[in-house]
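One structure is given below, encoded as structure tokens.
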Amino acid sequence: MARKKGRNVDGILLLDKPSGLTSNAALRRVSRYLDARKAGHTGSLDPLATGLLVLCFGEATKVSGWLLDADKSYTCLARLGMTTDSADADGQILQRRQVPAVDDEALEDVLSGFRGQQAQVPPMFSALKHEGQRLHELARQGIEVERPPRQVCIHDLNATRVAPDALRLEVTCSKGTYIRSLVADIGEQLGCGAHVEQLRRTGLGPFKGPSMWSLETLERLSGQGAGALDACLLPTDTALADYPAVTLAASAAERFCHGQAVSADRPTEAASILTVYGPDAAFLGIGAWRDDGAIAPRRLLVQRTARG
């Protein structure tokens with residue numbers, strides 16, 4: 001059997017995705033720089049969007065699901081008075097309307113209605129599927145279908161007026177939230193419509209306002225050998241920094257790595273999921289508390305290095 005191409009690379013890279021590139025294209029490019037055998041990302045950004053794209057390599061792909069479920073933060077430039085079919089600047093203009101004079105108090109009244117739990121209708125230009133076909137594929141054929149609303153949560157939402165027809169929004173939200181839909185809905189509440197002109201992801205889960213690597217820097221480092229790029233990777237367990245941790249003794253760690261539930265002192269944090277380490281500080285994987293107080297393995301890592 002032919003050996004898979006690439007090398008074993010384990011860790012997380014925080015990429016500053018440029019505008020105009022899909023998330024998958026960005027992942028392929030970085031994977032090529034690293035010559036990584038296995039890679040994935042933790043939630044797509046629109047081609048127009050820039051900012052934090054968390055890339056997982058090797059064993060780190062086993063924790064990507066926890067990042068997919070994590071909260072996200074964005075900054076956004078919302079252009080008022082114009083709606084587009086995609087709700088962003090890449091779409092076709094549907095309507096232009098006059099932007100009314102809205103004072104800070106009236107704007108805050110509108111924003112307050114979007115904070116908290118709510119039902120949001122996904123945009124047609126999205127990767128969601130309808131009867132097996134991507135919505136954005138239907139949208140490009142001029143077909144619009146009914147989309148059931150989804151429950152999302154806007155944890156934080158603030159706006160600064162930067163021009164008579166533009167707002168700078170700062171948003172922290174749950175998974176599944178479409179900023180384009182949020183902006184379009186805010187525009188309708190203001191009576192003039194709106195679309196996303198610029199969008200930047202600034203945080204995801206435990207990565208809040210982090211330092212990120214540009215594609216240009218990674219390309220330059222790729223010419224300096226594998227070690228230069230490997231130094232850009234974060235340990236796998238950084239993706240789970242928000243969860244409590246437990247360290248096992250050697251015998252318990254060995255049983256845990258063989259898929260057995262083990263006993264341990266429960267930390268004070270009330271969480272069903274936790275990160276599990278061995279006595280040498282090696283990150284073993286993710287565990288879950290059972291009703292009997294034992295830790296059952298949820299996701300185990302291959303121990304190729306001392307950590308991550």
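For the structure tokens, the naming scheme is as follows: chains receive sequential letters (A, B, ...) according to their order of presentation, residues are indexed from 1 within each chain, and ligands are indexed from 1 in presentation order.
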
Requested in this report: Excluding Pro100 in chain A and residues on its chain fewer than 3 positions from it, collect all residues at most 12 Å away from it, counting only C-alpha atoms, and give them as a count of residues only.
Outcome: 16

Query raised in the report: Could you write out, as a PyMOL selection string, all the residues of range 97-272 of chain A that DSSP marks as strand (DSSP E)?
Result: chain A and resi 116-120+129-130+133-134+150-163+166-173+194-204+207-208+245-247+262-263

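Among the candidates A:Leu215, A:Val302, A:Leu67, A:Leu167, the one nearest to Arg28 in chain A when counting only C-alpha atoms is A:Leu215.
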
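Between Gln260 in chain A and the residues A:Gly142, A:Gly209, A:Pro297, A:Gly227, the shortest atom-to-atom distance, using only C-alpha atoms, involves A:Pro297.
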
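With CA of Arg29 in chain A on one side and CA of Ser73 in chain A on the other, the separation reads 24.5 Å.
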
Report task. Tell me which protein, DNA and RNA residues are within 9 Å of Ala226 in chain A, counting only C-alpha atoms, leaving out same-chain ones fewer than 3 positions away, and put them as number ranges by chain. Result -> A: 33-35, 221-223, 229-231

Query raised in the report: Residues at most 9 Å from range 38-41 of chain A, counting only C-alpha atoms, excluding those fewer than 6 positions away in the same chain, as a ChimeraX atom specification?
Result: /A:6-10,23-24,27-28,31,53-61,64,68

Requested in this report: One decimal, Å: what's the distance from CA of Ala163 in chain A over to CA of Ile93 in chain A, could you say?
Outcome: 20.1 Å

Would you pick out the contacts of range 152-157 of chain A at 10 Å or less, using only C-alpha atoms, so that residues sharing its chain but fewer than 5 positions from it are not included, and give the list as a PDB file with C-alpha atoms, in the first residue's frame?
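part_9.pdb, freshly written:
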ATOM      1  CA  ASP A  71     -18.518  31.305  20.432  1.00  0.00           C
ATOM      2  CA  LYS A  72     -17.073  33.680  17.850  1.00  0.00           C
ATOM      3  CA  SER A  73     -16.293  37.409  17.743  1.00  0.00           C
ATOM      4  CA  TYR A  74     -16.355  39.734  14.735  1.00  0.00           C
ATOM      5  CA  THR A  75     -15.940  43.327  13.700  1.00  0.00           C
ATOM      6  CA  GLU A 108     -29.416  51.389  20.887  1.00  0.00           C
ATOM      7  CA  LEU A 111     -29.524  46.839  18.826  1.00  0.00           C
ATOM      8  CA  SER A 112     -31.033  45.803  22.154  1.00  0.00           C
ATOM      9  CA  PHE A 114     -30.951  41.616  18.752  1.00  0.00           C
ATOM     10  CA  ARG A 115     -29.062  40.745  21.923  1.00  0.00           C
ATOM     11  CA  GLY A 116     -29.687  37.396  23.556  1.00  0.00           C
ATOM     12  CA  GLN A 117     -31.367  34.226  22.317  1.00  0.00           C
ATOM     13  CA  GLN A 118     -33.298  34.548  19.083  1.00  0.00           C
ATOM     14  CA  ALA A 119     -34.428  32.768  15.940  1.00  0.00           C
ATOM     15  CA  GLN A 120     -32.427  33.720  12.854  1.00  0.00           C
ATOM     16  CA  VAL A 121     -33.263  32.834   9.249  1.00  0.00           C
ATOM     17  CA  LEU A 169     -20.365  46.640  14.624  1.00  0.00           C
ATOM     18  CA  GLU A 170     -18.645  44.498  17.236  1.00  0.00           C
ATOM     19  CA  VAL A 171     -20.360  41.149  17.735  1.00  0.00           C
ATOM     20  CA  THR A 172     -19.825  38.123  19.954  1.00  0.00           C
ATOM     21  CA  CYS A 173     -22.195  35.295  19.096  1.00  0.00           C
ATOM     22  CA  SER A 174     -22.885  31.587  19.274  1.00  0.00           C
ATOM     23  CA  LYS A 175     -22.098  29.071  16.577  1.00  0.00           C
ATOM     24  CA  GLY A 176     -24.436  29.122  13.592  1.00  0.00           C
ATOM     25  CA  THR A 177     -24.923  32.897  13.646  1.00  0.00           C
ATOM     26  CA  TYR A 178     -24.772  34.626  10.271  1.00  0.00           C
ATOM     27  CA  LEU A 182     -27.827  40.072  11.493  1.00  0.00           C
TER      28      LEU A 182
END

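Contact shell of Leu21 in chain A at 8 Å (only C-alpha atoms; same-chain neighbours under 3 positions omitted): Lys17, Pro18, Ala25, Ala26, Pro47 and Leu48 of chain A.
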
Store the residues picked out above, limited to C-alpha atoms, as a compact mmCIF listing (two decimals), in the first residue's frame.
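And here is the file that came out, again.txt:
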# COMPACT_ATOMS: atom_id res chain seq x y z
CA LYS A 17 -7.20 34.77 6.28
CA PRO A 18 -7.10 37.41 3.55
CA ALA A 25 -8.24 27.25 -0.30
CA ALA A 26 -6.42 28.88 2.61
CA PRO A 47 -14.42 34.71 0.89
CA LEU A 48 -15.04 38.42 1.56

Query raised in the report: Near range 269-285 of chain A, within 9 Å and counting only C-alpha atoms, which residues show up once chain neighbours fewer than 6 positions away are dropped, as a PyMOL selection string?
Result: chain A and resi 62-63+236-237+240-241+243-250+252-254+256-257+295+297-303+305-308

Serialized selection, N, CA and C atoms, as a PDB file, in the first residue's frame:
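To be explicit, this is the file written out as out03.pdb:
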ATOM      1  N   LYS A  62      -8.635  16.159  16.046  1.00  0.00           N
ATOM      2  CA  LYS A  62      -9.556  15.442  16.928  1.00  0.00           C
ATOM      3  C   LYS A  62     -10.298  16.374  17.888  1.00  0.00           C
ATOM      4  N   VAL A  63      -9.817  17.597  18.049  1.00  0.00           N
ATOM      5  CA  VAL A  63     -10.488  18.535  18.963  1.00  0.00           C
ATOM      6  C   VAL A  63     -11.218  19.635  18.198  1.00  0.00           C
ATOM      7  N   THR A 236      -1.957  21.288  20.850  1.00  0.00           N
ATOM      8  CA  THR A 236      -3.350  20.905  20.631  1.00  0.00           C
ATOM      9  C   THR A 236      -4.263  21.330  21.777  1.00  0.00           C
ATOM     10  N   ASP A 237      -3.778  21.232  23.010  1.00  0.00           N
ATOM     11  CA  ASP A 237      -4.650  21.504  24.141  1.00  0.00           C
ATOM     12  C   ASP A 237      -4.985  22.980  24.314  1.00  0.00           C
ATOM     13  N   LEU A 240      -8.585  23.884  24.057  1.00  0.00           N
ATOM     14  CA  LEU A 240      -9.491  23.478  25.139  1.00  0.00           C
ATOM     15  C   LEU A 240      -9.160  24.190  26.438  1.00  0.00           C
ATOM     16  N   ALA A 241      -8.557  25.357  26.309  1.00  0.00           N
ATOM     17  CA  ALA A 241      -8.106  26.087  27.501  1.00  0.00           C
ATOM     18  C   ALA A 241      -9.253  26.486  28.413  1.00  0.00           C
ATOM     19  N   TYR A 243     -11.671  24.595  29.346  1.00  0.00           N
ATOM     20  CA  TYR A 243     -12.179  23.437  30.083  1.00  0.00           C
ATOM     21  C   TYR A 243     -11.272  23.117  31.265  1.00  0.00           C
ATOM     22  N   PRO A 244     -11.834  22.560  32.339  1.00  0.00           N
ATOM     23  CA  PRO A 244     -10.984  22.150  33.460  1.00  0.00           C
ATOM     24  C   PRO A 244     -10.077  20.996  33.070  1.00  0.00           C
ATOM     25  N   ALA A 245      -8.997  20.820  33.842  1.00  0.00           N
ATOM     26  CA  ALA A 245      -7.997  19.807  33.525  1.00  0.00           C
ATOM     27  C   ALA A 245      -7.795  18.872  34.706  1.00  0.00           C
ATOM     28  N   VAL A 246      -7.440  17.628  34.397  1.00  0.00           N
ATOM     29  CA  VAL A 246      -7.126  16.623  35.405  1.00  0.00           C
ATOM     30  C   VAL A 246      -5.819  15.944  35.006  1.00  0.00           C
ATOM     31  N   THR A 247      -4.947  15.721  35.971  1.00  0.00           N
ATOM     32  CA  THR A 247      -3.703  14.991  35.738  1.00  0.00           C
ATOM     33  C   THR A 247      -3.803  13.628  36.394  1.00  0.00           C
ATOM     34  N   LEU A 248      -3.520  12.584  35.618  1.00  0.00           N
ATOM     35  CA  LEU A 248      -3.626  11.212  36.098  1.00  0.00           C
ATOM     36  C   LEU A 248      -2.258  10.665  36.487  1.00  0.00           C
ATOM     37  N   ALA A 249      -2.267   9.761  37.436  1.00  0.00           N
ATOM     38  CA  ALA A 249      -1.065   9.013  37.762  1.00  0.00           C
ATOM     39  C   ALA A 249      -0.736   8.066  36.613  1.00  0.00           C
ATOM     40  N   ALA A 250       0.474   7.530  36.620  1.00  0.00           N
ATOM     41  CA  ALA A 250       0.959   6.725  35.484  1.00  0.00           C
ATOM     42  C   ALA A 250       0.052   5.542  35.184  1.00  0.00           C
ATOM     43  N   ALA A 252      -3.151   5.050  35.963  1.00  0.00           N
ATOM     44  CA  ALA A 252      -4.453   5.498  35.458  1.00  0.00           C
ATOM     45  C   ALA A 252      -4.329   6.060  34.051  1.00  0.00           C
ATOM     46  N   ALA A 253      -3.255   6.760  33.775  1.00  0.00           N
ATOM     47  CA  ALA A 253      -3.047   7.320  32.443  1.00  0.00           C
ATOM     48  C   ALA A 253      -2.944   6.213  31.401  1.00  0.00           C
ATOM     49  N   GLU A 254      -2.271   5.111  31.759  1.00  0.00           N
ATOM     50  CA  GLU A 254      -2.135   3.999  30.821  1.00  0.00           C
ATOM     51  C   GLU A 254      -3.490   3.368  30.532  1.00  0.00           C
ATOM     52  N   PHE A 256      -6.427   4.849  30.824  1.00  0.00           N
ATOM     53  CA  PHE A 256      -7.210   5.841  30.066  1.00  0.00           C
ATOM     54  C   PHE A 256      -6.850   5.782  28.589  1.00  0.00           C
ATOM     55  N   CYS A 257      -5.561   5.696  28.282  1.00  0.00           N
ATOM     56  CA  CYS A 257      -5.111   5.652  26.883  1.00  0.00           C
ATOM     57  C   CYS A 257      -5.529   4.377  26.175  1.00  0.00           C
ATOM     58  N   ILE A 295     -13.787   8.996  35.013  1.00  0.00           N
ATOM     59  CA  ILE A 295     -13.573   9.736  33.772  1.00  0.00           C
ATOM     60  C   ILE A 295     -13.540   8.746  32.618  1.00  0.00           C
ATOM     61  N   PRO A 297     -12.985   8.130  28.526  1.00  0.00           N
ATOM     62  CA  PRO A 297     -12.374   8.786  27.373  1.00  0.00           C
ATOM     63  C   PRO A 297     -13.416   9.191  26.341  1.00  0.00           C
ATOM     64  N   ARG A 298     -13.317  10.420  25.856  1.00  0.00           N
ATOM     65  CA  ARG A 298     -14.153  10.884  24.752  1.00  0.00           C
ATOM     66  C   ARG A 298     -13.360  10.978  23.456  1.00  0.00           C
ATOM     67  N   ARG A 299     -12.103  11.397  23.555  1.00  0.00           N
ATOM     68  CA  ARG A 299     -11.234  11.527  22.379  1.00  0.00           C
ATOM     69  C   ARG A 299      -9.806  11.343  22.850  1.00  0.00           C
ATOM     70  N   LEU A 300      -9.120  10.354  22.306  1.00  0.00           N
ATOM     71  CA  LEU A 300      -7.748  10.049  22.690  1.00  0.00           C
ATOM     72  C   LEU A 300      -6.772  10.499  21.612  1.00  0.00           C
ATOM     73  N   LEU A 301      -5.616  10.949  22.032  1.00  0.00           N
ATOM     74  CA  LEU A 301      -4.589  11.396  21.104  1.00  0.00           C
ATOM     75  C   LEU A 301      -3.463  10.378  21.025  1.00  0.00           C
ATOM     76  N   VAL A 302      -2.894  10.260  19.847  1.00  0.00           N
ATOM     77  CA  VAL A 302      -1.685   9.452  19.677  1.00  0.00           C
ATOM     78  C   VAL A 302      -0.520  10.249  20.261  1.00  0.00           C
ATOM     79  N   GLN A 303       0.259   9.612  21.125  1.00  0.00           N
ATOM     80  CA  GLN A 303       1.340  10.323  21.804  1.00  0.00           C
ATOM     81  C   GLN A 303       2.626  10.260  20.956  1.00  0.00           C
ATOM     82  N   THR A 305       4.517  13.090  20.531  1.00  0.00           N
ATOM     83  CA  THR A 305       5.461  14.026  21.127  1.00  0.00           C
ATOM     84  C   THR A 305       5.165  14.126  22.606  1.00  0.00           C
ATOM     85  N   ALA A 306       5.986  14.860  23.324  1.00  0.00           N
ATOM     86  CA  ALA A 306       5.786  14.979  24.759  1.00  0.00           C
ATOM     87  C   ALA A 306       4.543  15.769  25.086  1.00  0.00           C
ATOM     88  N   ARG A 307       4.113  16.624  24.149  1.00  0.00           N
ATOM     89  CA  ARG A 307       2.926  17.443  24.402  1.00  0.00           C
ATOM     90  C   ARG A 307       2.269  17.752  23.081  1.00  0.00           C
ATOM     91  N   GLY A 308       0.905  17.662  23.024  1.00  0.00           N
ATOM     92  CA  GLY A 308       0.170  17.996  21.815  1.00  0.00           C
ATOM     93  C   GLY A 308       0.106  16.882  20.839  1.00  0.00           C
TER      94      GLY A 308
END
